[in-house]
$ cat start_12.txt   # compact mmCIF, C-alpha atoms and all ligand atoms
# COMPACT_ATOMS: atom_id res chain seq x y z
CA MET A 1430 52.01 -69.12 23.55
CA SER A 1431 51.11 -66.55 20.91
CA ALA A 1432 53.76 -64.91 18.79
CA VAL A 1433 53.69 -61.09 18.91
CA VAL A 1434 54.13 -59.64 15.44
CA GLN A 1435 55.38 -56.09 15.59
CA THR A 1436 55.26 -53.91 12.52
CA LYS A 1437 57.70 -51.06 12.68
CA ARG A 1438 56.73 -47.80 11.04
CA ILE A 1439 58.95 -46.34 8.34
CA THR A 1440 61.09 -43.67 9.97
CA VAL A 1441 62.15 -40.15 9.04
CA PRO A 1442 65.81 -41.18 8.50
CA GLU A 1443 64.60 -43.96 6.17
CA ILE A 1444 62.70 -41.44 4.04
CA ARG A 1445 65.62 -39.01 4.22
CA ALA A 1446 67.92 -41.78 2.93
CA ARG A 1447 65.84 -42.13 -0.24
CA LYS A 1448 67.61 -39.16 -1.87
CA ASN A 1449 68.77 -40.33 -5.30
CA ALA A 1450 67.58 -43.83 -4.39
CA GLU A 1451 64.33 -45.81 -4.70
CA PRO A 1452 61.50 -43.29 -5.29
CA VAL A 1453 59.31 -42.52 -2.25
CA VAL A 1454 55.69 -43.59 -2.79
CA CYS A 1455 53.33 -41.10 -1.12
CA LEU A 1456 49.57 -40.57 -1.13
CA THR A 1457 47.21 -38.41 0.84
CA CYS A 1458 44.92 -40.25 3.23
CA TYR A 1459 42.18 -38.93 5.47
CA HIS A 1460 40.39 -41.90 6.97
CA ALA A 1461 40.91 -45.26 8.65
CA HIS A 1462 39.62 -47.72 6.01
CA THR A 1463 41.65 -46.19 3.19
CA ALA A 1464 44.71 -46.09 5.50
CA ARG A 1465 44.36 -49.87 5.91
CA TRP A 1466 44.31 -50.40 2.14
CA LEU A 1467 47.31 -48.15 1.51
CA ASP A 1468 49.49 -49.18 4.41
CA ASP A 1469 51.33 -52.16 2.85
CA THR A 1470 52.23 -50.27 -0.31
CA VAL A 1471 52.92 -46.61 0.36
CA ASP A 1472 55.94 -45.29 2.23
CA LEU A 1473 54.34 -42.07 3.43
CA MET A 1474 50.72 -41.07 4.00
CA LEU A 1475 49.95 -37.38 4.17
CA VAL A 1476 46.89 -36.21 6.07
CA GLY A 1477 46.78 -33.15 3.84
CA ASP A 1478 44.70 -30.07 4.48
CA SER A 1479 43.22 -30.79 1.03
CA LEU A 1480 40.79 -32.78 3.18
CA GLY A 1481 38.89 -29.51 3.55
CA MET A 1482 37.99 -29.73 -0.13
CA VAL A 1483 37.90 -33.51 -0.58
CA MET A 1484 36.14 -34.57 2.63
CA HIS A 1485 34.27 -31.42 3.58
CA GLY A 1486 33.40 -29.77 0.25
CA MET A 1487 35.21 -26.50 1.00
CA GLU A 1488 36.29 -24.27 -1.88
CA ASN A 1489 39.92 -24.15 -0.74
CA THR A 1490 42.05 -25.14 2.25
CA LEU A 1491 41.90 -21.81 4.09
CA GLY A 1492 39.01 -22.77 6.39
CA VAL A 1493 40.61 -25.99 7.64
CA THR A 1494 41.21 -26.00 11.41
CA LEU A 1495 43.72 -27.70 13.68
CA ASP A 1496 40.90 -29.78 15.21
CA MET A 1497 39.92 -31.08 11.76
CA MET A 1498 43.52 -32.11 11.05
CA ILE A 1499 43.79 -33.84 14.42
CA LEU A 1500 40.50 -35.71 13.93
CA HIS A 1501 41.56 -37.10 10.54
CA GLY A 1502 45.15 -37.65 11.73
CA LYS A 1503 43.86 -39.90 14.52
CA ALA A 1504 41.76 -41.92 12.06
CA VAL A 1505 44.71 -42.49 9.71
CA MET A 1506 46.97 -43.50 12.59
CA ARG A 1507 44.36 -46.01 13.81
CA GLY A 1508 44.12 -47.49 10.31
CA SER A 1509 47.86 -47.82 9.65
CA LYS A 1510 50.84 -49.59 11.20
CA ARG A 1511 53.65 -49.32 8.70
CA ALA A 1512 53.66 -46.12 6.63
CA LEU A 1513 55.12 -42.90 7.97
CA VAL A 1514 52.22 -40.53 8.66
CA VAL A 1515 52.64 -36.77 8.17
CA VAL A 1516 49.88 -34.31 9.16
CA ASP A 1517 49.54 -30.88 7.54
CA MET A 1518 49.58 -27.77 9.70
CA PRO A 1519 46.59 -25.72 8.51
CA PHE A 1520 46.59 -22.05 7.53
CA GLY A 1521 47.07 -19.73 10.52
CA THR A 1522 48.64 -22.25 12.89
CA TYR A 1523 52.38 -21.69 12.26
CA GLU A 1524 53.10 -18.50 10.26
CA GLU A 1525 53.12 -16.05 13.17
CA SER A 1526 56.07 -17.35 15.16
CA PRO A 1527 58.20 -20.44 15.76
CA GLN A 1528 56.75 -20.70 19.28
CA ILE A 1529 53.15 -20.78 18.04
CA ALA A 1530 54.16 -23.29 15.36
CA PHE A 1531 55.73 -25.50 18.03
CA ARG A 1532 52.68 -25.36 20.30
CA ASN A 1533 50.33 -26.38 17.48
CA ALA A 1534 52.68 -28.98 15.98
CA HIS A 1535 53.09 -30.46 19.45
CA ARG A 1536 49.29 -30.81 19.74
CA ILE A 1537 49.19 -32.62 16.39
CA ILE A 1538 51.98 -35.02 17.36
CA GLN A 1539 50.68 -35.61 20.89
CA GLU A 1540 47.00 -36.11 20.00
CA THR A 1541 47.39 -38.11 16.78
CA GLY A 1542 50.63 -40.01 17.40
CA CYS A 1543 51.81 -39.17 13.87
CA THR A 1544 55.53 -38.86 13.14
CA ALA A 1545 55.85 -35.49 11.41
CA VAL A 1546 54.10 -32.32 10.28
CA LYS A 1547 54.15 -30.46 6.95
CA LEU A 1548 54.34 -26.68 6.58
CA GLU A 1549 53.79 -24.67 3.41
CA GLY A 1550 56.25 -21.95 2.45
CA GLY A 1551 59.90 -21.20 1.76
CA ALA A 1552 62.41 -18.81 3.28
CA ARG A 1553 59.69 -16.97 5.22
CA ILE A 1554 59.02 -20.02 7.43
CA ALA A 1555 62.57 -21.41 7.59
CA GLU A 1556 62.83 -20.24 11.20
CA GLN A 1557 59.77 -22.33 12.10
CA VAL A 1558 61.20 -25.40 10.33
CA HIS A 1559 64.46 -25.01 12.23
CA PHE A 1560 62.74 -24.40 15.60
CA LEU A 1561 60.54 -27.50 15.27
CA SER A 1562 63.25 -29.82 13.89
CA GLU A 1563 65.70 -28.82 16.64
CA ARG A 1564 63.07 -29.61 19.28
CA GLY A 1565 62.15 -33.07 18.05
CA ILE A 1566 59.35 -32.46 15.55
CA PRO A 1567 60.28 -33.66 12.06
CA VAL A 1568 59.11 -31.27 9.32
CA MET A 1569 58.26 -31.89 5.69
CA GLY A 1570 58.46 -28.73 3.56
CA HIS A 1571 56.11 -27.71 0.74
CA ILE A 1572 56.99 -25.10 -1.88
CA GLY A 1573 55.86 -24.02 -5.36
CA LEU A 1574 52.09 -23.88 -5.70
CA THR A 1575 51.26 -23.71 -1.99
CA PRO A 1576 47.42 -23.76 -1.79
CA GLN A 1577 47.35 -21.74 1.45
CA LYS A 1578 48.60 -18.79 -0.64
CA ILE A 1579 45.87 -19.19 -3.25
CA GLN A 1580 44.57 -15.64 -2.69
CA ILE A 1581 48.03 -14.20 -3.39
CA PHE A 1582 48.52 -16.39 -6.49
CA GLY A 1583 44.99 -15.62 -7.71
CA GLY A 1584 44.21 -19.33 -8.28
CA PHE A 1585 45.89 -22.72 -8.58
CA LYS A 1586 48.68 -21.56 -10.91
CA THR A 1587 51.86 -23.40 -11.86
CA GLN A 1588 54.90 -21.69 -10.35
CA GLY A 1589 58.21 -21.07 -12.11
CA ARG A 1590 56.86 -20.65 -15.63
CA THR A 1591 59.32 -17.83 -16.33
CA LEU A 1592 63.05 -18.01 -15.67
CA ALA A 1593 62.79 -14.80 -13.65
CA GLU A 1594 60.80 -16.67 -10.99
CA TRP A 1595 63.35 -19.47 -10.59
CA PRO A 1596 65.95 -17.95 -8.21
CA ALA A 1597 63.38 -17.15 -5.49
CA ILE A 1598 61.86 -20.65 -5.67
CA GLU A 1599 65.32 -22.26 -5.61
CA ALA A 1600 66.22 -20.09 -2.60
CA ASP A 1601 63.03 -21.27 -0.87
CA ALA A 1602 63.98 -24.92 -1.41
CA LYS A 1603 67.49 -24.35 -0.09
CA ALA A 1604 66.26 -22.37 2.94
CA ILE A 1605 63.85 -25.12 3.99
CA ALA A 1606 66.39 -27.92 3.40
CA ASP A 1607 69.08 -26.02 5.34
CA ALA A 1608 66.58 -25.39 8.17
CA GLY A 1609 66.22 -29.15 8.67
CA ALA A 1610 63.23 -30.35 6.60
CA PHE A 1611 63.59 -34.10 5.98
CA ALA A 1612 61.82 -33.94 2.60
CA ILE A 1613 60.15 -31.23 0.50
CA VAL A 1614 56.96 -31.37 -1.57
CA LEU A 1615 57.31 -29.53 -4.90
CA GLU A 1616 53.77 -28.77 -6.06
CA GLY A 1617 52.57 -27.27 -9.36
CA MET A 1618 56.02 -26.32 -10.55
CA ALA A 1619 57.57 -25.99 -14.03
CA GLU A 1620 59.15 -29.36 -14.79
CA PRO A 1621 62.75 -28.24 -15.46
CA LEU A 1622 62.77 -26.14 -12.30
CA ALA A 1623 61.56 -29.06 -10.16
CA ALA A 1624 64.25 -31.27 -11.72
CA LYS A 1625 66.91 -28.60 -11.07
CA ILE A 1626 65.85 -28.19 -7.41
CA THR A 1627 65.91 -31.98 -7.00
CA ARG A 1628 69.54 -31.98 -8.19
CA GLU A 1629 70.46 -28.98 -6.04
CA ILE A 1630 69.18 -29.91 -2.58
CA GLU A 1631 70.28 -32.75 -0.35
CA VAL A 1632 66.90 -33.93 0.92
CA PRO A 1633 64.34 -35.92 -1.11
CA THR A 1634 61.86 -33.94 -3.17
CA VAL A 1635 58.30 -35.26 -3.57
CA GLY A 1636 56.59 -34.03 -6.71
CA ILE A 1637 52.93 -33.34 -7.43
CA GLY A 1638 52.42 -31.83 -10.86
CA ALA A 1639 56.17 -31.13 -10.90
CA SER A 1640 58.69 -33.58 -12.41
CA ALA A 1641 59.27 -37.32 -12.78
CA GLU A 1642 62.86 -36.58 -11.71
CA CYS A 1643 61.72 -35.83 -8.14
CA ASP A 1644 62.81 -38.35 -5.50
CA GLY A 1645 59.19 -39.38 -4.94
CA GLN A 1646 55.62 -38.54 -5.96
CA ILE A 1647 52.39 -37.75 -4.16
CA LEU A 1648 48.81 -37.52 -5.39
CA VAL A 1649 45.53 -36.86 -3.64
CA LEU A 1650 44.11 -40.38 -3.21
CA GLU A 1651 40.59 -39.46 -4.32
CA ASP A 1652 41.98 -37.85 -7.50
CA MET A 1653 43.93 -40.94 -8.57
CA LEU A 1654 40.97 -43.20 -7.73
CA GLY A 1655 38.73 -41.24 -10.08
CA LEU A 1656 36.43 -39.81 -7.40
CA ASN A 1657 37.04 -36.18 -8.29
CA PRO A 1658 34.77 -35.07 -11.16
CA GLN A 1659 37.23 -32.24 -11.95
CA PRO A 1660 40.74 -33.45 -11.14
CA PRO A 1661 43.79 -31.24 -11.80
CA LYS A 1662 45.21 -31.67 -15.33
CA PHE A 1663 48.36 -33.52 -14.22
CA VAL A 1664 46.45 -36.28 -12.38
CA ARG A 1665 46.66 -39.81 -13.76
CA GLU A 1666 43.56 -41.80 -12.77
CA TYR A 1667 44.36 -45.41 -11.83
CA ALA A 1668 40.71 -46.33 -11.17
CA HIS A 1669 37.29 -44.89 -11.99
CA MET A 1670 35.61 -45.26 -8.65
CA GLY A 1671 33.16 -42.39 -9.14
CA PRO A 1672 31.22 -44.20 -11.89
CA GLY A 1673 31.77 -47.47 -9.95
CA ILE A 1674 30.05 -46.03 -6.88
CA GLU A 1675 27.20 -44.69 -9.00
CA ALA A 1676 26.64 -48.12 -10.61
CA ALA A 1677 26.73 -49.88 -7.22
CA VAL A 1678 24.25 -47.43 -5.72
CA LYS A 1679 21.89 -47.90 -8.67
CA ALA A 1680 22.07 -51.70 -8.27
CA TYR A 1681 21.39 -51.33 -4.55
CA ALA A 1682 18.44 -48.99 -5.16
CA ALA A 1683 16.96 -51.50 -7.64
CA ASP A 1684 17.23 -54.29 -5.03
CA VAL A 1685 15.57 -52.12 -2.39
CA ARG A 1686 12.74 -51.13 -4.74
CA GLU A 1687 12.18 -54.76 -5.83
CA ARG A 1688 12.32 -55.93 -2.20
CA ARG A 1689 15.26 -58.24 -3.02
CA PHE A 1690 16.77 -57.98 0.44
CA PRO A 1691 17.33 -60.88 2.81
CA GLY A 1692 16.41 -60.18 6.42
CA ALA A 1693 18.81 -61.02 9.21
CA GLU A 1694 16.90 -64.24 9.88
CA ASN A 1695 17.30 -65.45 6.31
CA VAL A 1696 21.02 -64.77 6.42
CA TYR A 1697 21.19 -66.68 9.71
CA SER A 1698 19.32 -69.72 8.36
CA MET A 1699 21.37 -69.62 5.13
CA LYS A 1700 24.55 -69.76 7.23
CA LYS A 1701 23.16 -72.57 9.39
CA THR A 1702 22.05 -74.77 6.54
CA GLY A 1703 24.64 -73.72 3.98
O1 LIG A 1801 47.03 -31.03 1.31
C1 LIG A 1801 47.51 -31.82 0.49
O2 LIG A 1801 46.87 -32.77 0.04
C2 LIG A 1801 48.87 -31.57 0.03
C3 LIG A 1801 49.37 -32.40 -1.11
C4 LIG A 1801 48.71 -31.96 -2.36
C5 LIG A 1801 50.84 -32.36 -1.23
O3 LIG A 1801 49.53 -30.75 0.56

$ encode --input "start_12.txt" --output "structure tokens"
Amino acid sequence: MSAVVQTKRITVPEIRARKNAEPVVCLTCYHAHTARWLDDTVDLMLVGDSLGMVMHGMENTLGVTLDMMILHGKAVMRGSKRALVVVDMPFGTYEESPQIAFRNAHRIIQETGCTAVKLEGGARIAEQVHFLSERGIPVMGHIGLTPQKIQIFGGFKTQGRTLAEWPAIEADAKAIADAGAFAIVLEGMAEPLAAKITREIEVPTVGIGASAECDGQILVLEDMLGLNPQPPKFVREYAHMGPGIEAAVKAYAADVRERRFPGAENVYSMKKTG
């Protein structure tokens, strides 16, 4: 008789309960192999629409489609068993109305099997957050430097640099938390403001270029692995895989050029005799 080992995924209430508790470890993830490597360690994997830039070489996230998010969401779900997986709703799929947001979020949940979706924006999309949460779709919020508004911001600019900006950003955080978001990403935000919002709202905040006082942190995986030749200033690189890949490819090319490659038969006979 074989024992069935069941791994239970981390749930939304478990992440929600991490307010003022053990920090939530989050990373972006876009494909199955990396999902396998992250799964034992991270609490939450975000299939972020940053995949447009990281995986597809786009200039920003505005051209990312729902089908792209679903494709990568499926891959990450196949590669993971334990972490909670959140998939971003791309630009143009939720802003218009709560009903349209629900239809598209439902597609993401149904086709990928992920647990939750993430929406960018504050008070202006609180209705959507409420509509989805009330109907069974958990929502992660995202305020501060929201890349889908890059054309309005005029670039990737830190938000809340002047005190005059703070009340609107704080009101955004409160609106999204009150609407039912189970956690909120604070991106590219002045450090004291991110710390203040973290103290003010009742759901966990997840910082990226924000504050160490947030209830958790997220980075783009490829940035922290050293694959991005021009990472954002706040990124700490924990590996230098870009140069590592280059060195491996050079070693491979040298082997190919010197004909130092065993054929399948050699490998077979090595296995048989070895
Ligand atoms: O798309 C993304 O990767 C994100 C993170 C930067 C939070 O939204």

$ residues_near_ligand --input "start_12.txt" --ligand "ligand LIG 1801 (chain A)" --cutoff "9 Å" --atoms "only C-alpha atoms and all ligand atoms" --output "ChimeraX atom specification"
/A:1456-1458,1475-1481,1490,1516-1517,1519,1547-1549,1571,1575-1576,1614-1616,1635-1637,1647-1650

$ atom_distance --input "start_12.txt" --atom1 "CA of His1535 in chain A" --atom2 "CA of Ile1613 in chain A"
20.2 Å

$ atom_distance --input "start_12.txt" --atom1 "CA of Ala1504 in chain A" --atom2 "CA of Ala1464 in chain A"
8.3 Å

$ residues_around --input "start_12.txt" --residues "range 1662-1678 of chain A" --least-positions-apart "3" --cutoff "12 Å" --atoms "all atoms listed in the file" --output "PyMOL selection string"
chain A and resi 1585-1587+1616-1620+1636-1641+1646-1659+1681-1685

$ write_last_selection --input "start_12.txt" --atoms "C-alpha atoms" --output "PDB file, keeping the file's coordinate frame"
ATOM      1  CA  PHE A1585      45.890 -22.720  -8.580  1.00  0.00           C
ATOM      2  CA  LYS A1586      48.680 -21.560 -10.910  1.00  0.00           C
ATOM      3  CA  THR A1587      51.860 -23.400 -11.860  1.00  0.00           C
ATOM      4  CA  GLU A1616      53.770 -28.770  -6.060  1.00  0.00           C
ATOM      5  CA  GLY A1617      52.570 -27.270  -9.360  1.00  0.00           C
ATOM      6  CA  MET A1618      56.020 -26.320 -10.550  1.00  0.00           C
ATOM      7  CA  ALA A1619      57.570 -25.990 -14.030  1.00  0.00           C
ATOM      8  CA  GLU A1620      59.150 -29.360 -14.790  1.00  0.00           C
ATOM      9  CA  GLY A1636      56.590 -34.030  -6.710  1.00  0.00           C
ATOM     10  CA  ILE A1637      52.930 -33.340  -7.430  1.00  0.00           C
ATOM     11  CA  GLY A1638      52.420 -31.830 -10.860  1.00  0.00           C
ATOM     12  CA  ALA A1639      56.170 -31.130 -10.900  1.00  0.00           C
ATOM     13  CA  SER A1640      58.690 -33.580 -12.410  1.00  0.00           C
ATOM     14  CA  ALA A1641      59.270 -37.320 -12.780  1.00  0.00           C
ATOM     15  CA  GLN A1646      55.620 -38.540  -5.960  1.00  0.00           C
ATOM     16  CA  ILE A1647      52.390 -37.750  -4.160  1.00  0.00           C
ATOM     17  CA  LEU A1648      48.810 -37.520  -5.390  1.00  0.00           C
ATOM     18  CA  VAL A1649      45.530 -36.860  -3.640  1.00  0.00           C
ATOM     19  CA  LEU A1650      44.110 -40.380  -3.210  1.00  0.00           C
ATOM     20  CA  GLU A1651      40.590 -39.460  -4.320  1.00  0.00           C
ATOM     21  CA  ASP A1652      41.980 -37.850  -7.500  1.00  0.00           C
ATOM     22  CA  MET A1653      43.930 -40.940  -8.570  1.00  0.00           C
ATOM     23  CA  LEU A1654      40.970 -43.200  -7.730  1.00  0.00           C
ATOM     24  CA  GLY A1655      38.730 -41.240 -10.080  1.00  0.00           C
ATOM     25  CA  LEU A1656      36.430 -39.810  -7.400  1.00  0.00           C
ATOM     26  CA  ASN A1657      37.040 -36.180  -8.290  1.00  0.00           C
ATOM     27  CA  PRO A1658      34.770 -35.070 -11.160  1.00  0.00           C
ATOM     28  CA  GLN A1659      37.230 -32.240 -11.950  1.00  0.00           C
ATOM     29  CA  TYR A1681      21.390 -51.330  -4.550  1.00  0.00           C
ATOM     30  CA  ALA A1682      18.440 -48.990  -5.160  1.00  0.00           C
ATOM     31  CA  ALA A1683      16.960 -51.500  -7.640  1.00  0.00           C
ATOM     32  CA  ASP A1684      17.230 -54.290  -5.030  1.00  0.00           C
ATOM     33  CA  VAL A1685      15.570 -52.120  -2.390  1.00  0.00           C
TER      34      VAL A1685
END

$ closest_residue --input "start_12.txt" --among "A:Glu1563, A:Asp1468, A:Glu1443, A:Glu1540" --to "Ser1509 in chain A" --atoms "only C-alpha atoms"
A:Asp1468

$ atom_distance --input "start_12.txt" --atom1 "CA of Leu1495 in chain A" --atom2 "CA of Val1546 in chain A"
11.9 Å

$ closest_residue --input "start_12.txt" --among "A:Asp1469, A:Glu1594, A:Glu1451, A:Glu1642" --to "Ala1624 in chain A" --atoms "only C-alpha atoms"
A:Glu1642

$ axis_aligned_box --input "start_12.txt" --around "range 1654-1663 of chain A" --padding-each-side "4 Å" --output "lines of an AutoDock Vina configuration file"
center_x = 41.6
center_y = -37.2
center_z = -11.4
size_x = 21.6
size_y = 20.0
size_z = 15.9

$ closest_residue --input "start_12.txt" --among "A:Met1506, A:Cys1643, A:Leu1574, A:Ile1554" --to "Ala1461 in chain A" --atoms "all atoms listed in the file"
A:Met1506

$ closest_residue --input "start_12.txt" --among "A:Gly1502, A:Asp1644, A:Met1487, A:Ile1439" --to "Val1471 in chain A" --atoms "only C-alpha atoms"
A:Ile1439

$ closest_residue --input "start_12.txt" --among "A:Ile1605, A:Phe1690, A:Ile1581, A:Glu1599" --to "Gly1550 in chain A" --atoms "only C-alpha atoms"
A:Ile1605

$ closest_residue --input "start_12.txt" --among "A:Gly1645, A:Pro1633, A:Gly1542, A:Gly1486" --to "Val1514 in chain A" --atoms "all atoms listed in the file"
A:Gly1542

$ residues_around --input "start_12.txt" --residues "His1501 in chain A" --least-positions-apart "2" --cutoff "8 Å" --atoms "all atoms listed in the file" --output "PDB file with C-alpha atoms, in the frame of the given file"
ATOM      1  CA  TYR A1459      42.180 -38.930   5.470  1.00  0.00           C
ATOM      2  CA  HIS A1460      40.390 -41.900   6.970  1.00  0.00           C
ATOM      3  CA  VAL A1476      46.890 -36.210   6.070  1.00  0.00           C
ATOM      4  CA  MET A1497      39.920 -31.080  11.760  1.00  0.00           C
ATOM      5  CA  MET A1498      43.520 -32.110  11.050  1.00  0.00           C
ATOM      6  CA  ILE A1499      43.790 -33.840  14.420  1.00  0.00           C
ATOM      7  CA  LYS A1503      43.860 -39.900  14.520  1.00  0.00           C
ATOM      8  CA  ALA A1504      41.760 -41.920  12.060  1.00  0.00           C
ATOM      9  CA  VAL A1505      44.710 -42.490   9.710  1.00  0.00           C
TER      10      VAL A1505
END

$ residues_around --input "start_12.txt" --residues "Glu1525 in chain A" --least-positions-apart "6" --cutoff "12 Å" --atoms "all atoms listed in the file" --output "PyMOL selection string"
chain A and resi 1531-1533+1553-1554+1556-1557

$ residues_near_point --input "start_12.txt" --point "(67.3, -38.3, 8.4)" --cutoff "12 Å" --atoms "all atoms listed in the file" --output "mmCIF file with C-alpha atoms, in the frame of the given file"
data_model
loop_
_atom_site.group_PDB
_atom_site.id
_atom_site.type_symbol
_atom_site.label_atom_id
_atom_site.label_comp_id
_atom_site.auth_asym_id
_atom_site.auth_seq_id
_atom_site.Cartn_x
_atom_site.Cartn_y
_atom_site.Cartn_z
ATOM 1 C CA ILE A 1439 58.950 -46.340 8.340
ATOM 2 C CA THR A 1440 61.090 -43.670 9.970
ATOM 3 C CA VAL A 1441 62.150 -40.150 9.040
ATOM 4 C CA PRO A 1442 65.810 -41.180 8.500
ATOM 5 C CA GLU A 1443 64.600 -43.960 6.170
ATOM 6 C CA ILE A 1444 62.700 -41.440 4.040
ATOM 7 C CA ARG A 1445 65.620 -39.010 4.220
ATOM 8 C CA ALA A 1446 67.920 -41.780 2.930
ATOM 9 C CA ARG A 1447 65.840 -42.130 -0.240
ATOM 10 C CA LYS A 1448 67.610 -39.160 -1.870
ATOM 11 C CA SER A 1562 63.250 -29.820 13.890
ATOM 12 C CA PRO A 1567 60.280 -33.660 12.060
ATOM 13 C CA VAL A 1568 59.110 -31.270 9.320
ATOM 14 C CA MET A 1569 58.260 -31.890 5.690
ATOM 15 C CA ALA A 1606 66.390 -27.920 3.400
ATOM 16 C CA GLY A 1609 66.220 -29.150 8.670
ATOM 17 C CA ALA A 1610 63.230 -30.350 6.600
ATOM 18 C CA PHE A 1611 63.590 -34.100 5.980
ATOM 19 C CA ALA A 1612 61.820 -33.940 2.600
ATOM 20 C CA GLU A 1631 70.280 -32.750 -0.350
ATOM 21 C CA VAL A 1632 66.900 -33.930 0.920
ATOM 22 C CA PRO A 1633 64.340 -35.920 -1.110
#

$ decode --input "start_12.txt" --residues "range 1430-1491 of chain A" --atoms "C-alpha atoms" --output "JSON list (two decimals), in the first residue's frame"
[["chain", "number", "residue", "atom", "x", "y", "z"],
["A", 1430, "MET", "CA", 0.00, 0.00, 0.00],
["A", 1431, "SER", "CA", 1.44, 3.39, -0.89],
["A", 1432, "ALA", "CA", 1.11, 6.34, 1.44],
["A", 1433, "VAL", "CA", -0.49, 9.41, -0.16],
["A", 1434, "VAL", "CA", 1.39, 12.55, 0.81],
["A", 1435, "GLN", "CA", -0.78, 15.61, 0.43],
["A", 1436, "THR", "CA", 0.77, 19.04, 0.50],
["A", 1437, "LYS", "CA", -1.70, 21.72, 1.41],
["A", 1438, "ARG", "CA", -1.29, 25.14, -0.14],
["A", 1439, "ILE", "CA", -0.88, 28.17, 2.09],
["A", 1440, "THR", "CA", -4.27, 29.85, 2.32],
["A", 1441, "VAL", "CA", -5.49, 33.43, 2.15],
["A", 1442, "PRO", "CA", -6.46, 33.49, 5.87],
["A", 1443, "GLU", "CA", -2.94, 32.24, 6.71],
["A", 1444, "ILE", "CA", -1.38, 35.16, 4.81],
["A", 1445, "ARG", "CA", -3.94, 37.56, 6.29],
["A", 1446, "ALA", "CA", -2.96, 36.35, 9.79],
["A", 1447, "ARG", "CA", 0.66, 37.42, 9.21],
["A", 1448, "LYS", "CA", -0.16, 41.05, 10.10],
["A", 1449, "ASN", "CA", 2.39, 42.13, 12.72],
["A", 1450, "ALA", "CA", 3.70, 38.56, 12.77],
["A", 1451, "GLU", "CA", 6.33, 36.53, 10.87],
["A", 1452, "PRO", "CA", 7.15, 38.46, 7.66],
["A", 1453, "VAL", "CA", 5.57, 37.10, 4.46],
["A", 1454, "VAL", "CA", 8.20, 35.89, 1.96],
["A", 1455, "CYS", "CA", 7.05, 36.65, -1.59],
["A", 1456, "LEU", "CA", 8.69, 36.46, -5.02],
["A", 1457, "THR", "CA", 7.45, 36.79, -8.55],
["A", 1458, "CYS", "CA", 7.48, 33.59, -10.59],
["A", 1459, "TYR", "CA", 6.56, 33.01, -14.21],
["A", 1460, "HIS", "CA", 7.48, 29.46, -15.07],
["A", 1461, "ALA", "CA", 7.29, 25.87, -13.87],
["A", 1462, "HIS", "CA", 10.95, 25.04, -13.11],
["A", 1463, "THR", "CA", 11.52, 28.17, -11.03],
["A", 1464, "ALA", "CA", 8.20, 27.52, -9.24],
["A", 1465, "ARG", "CA", 9.58, 24.12, -8.18],
["A", 1466, "TRP", "CA", 12.73, 25.71, -6.75],
["A", 1467, "LEU", "CA", 10.84, 28.40, -4.85],
["A", 1468, "ASP", "CA", 7.94, 26.36, -3.56],
["A", 1469, "ASP", "CA", 9.45, 25.05, -0.29],
["A", 1470, "THR", "CA", 10.68, 28.46, 0.80],
["A", 1471, "VAL", "CA", 8.35, 31.24, -0.27],
["A", 1472, "ASP", "CA", 4.88, 31.82, 1.16],
["A", 1473, "LEU", "CA", 3.44, 33.57, -1.88],
["A", 1474, "MET", "CA", 4.37, 33.48, -5.57],
["A", 1475, "LEU", "CA", 3.12, 36.30, -7.73],
["A", 1476, "VAL", "CA", 2.69, 35.73, -11.45],
["A", 1477, "GLY", "CA", 3.22, 39.43, -12.00],
["A", 1478, "ASP", "CA", 2.50, 41.29, -15.21],
["A", 1479, "SER", "CA", 6.18, 42.30, -15.02],
["A", 1480, "LEU", "CA", 6.52, 39.10, -17.05],
["A", 1481, "GLY", "CA", 5.84, 41.28, -20.08],
["A", 1482, "MET", "CA", 9.21, 42.93, -19.53],
["A", 1483, "VAL", "CA", 11.14, 40.04, -17.97],
["A", 1484, "MET", "CA", 9.95, 37.14, -20.14],
["A", 1485, "HIS", "CA", 8.86, 38.91, -23.29],
["A", 1486, "GLY", "CA", 11.19, 41.92, -23.57],
["A", 1487, "MET", "CA", 8.40, 44.52, -23.56],
["A", 1488, "GLU", "CA", 9.19, 48.10, -22.55],
["A", 1489, "ASN", "CA", 6.48, 48.19, -19.87],
["A", 1490, "THR", "CA", 3.52, 46.11, -18.66],
["A", 1491, "LEU", "CA", 0.84, 47.85, -20.72]]
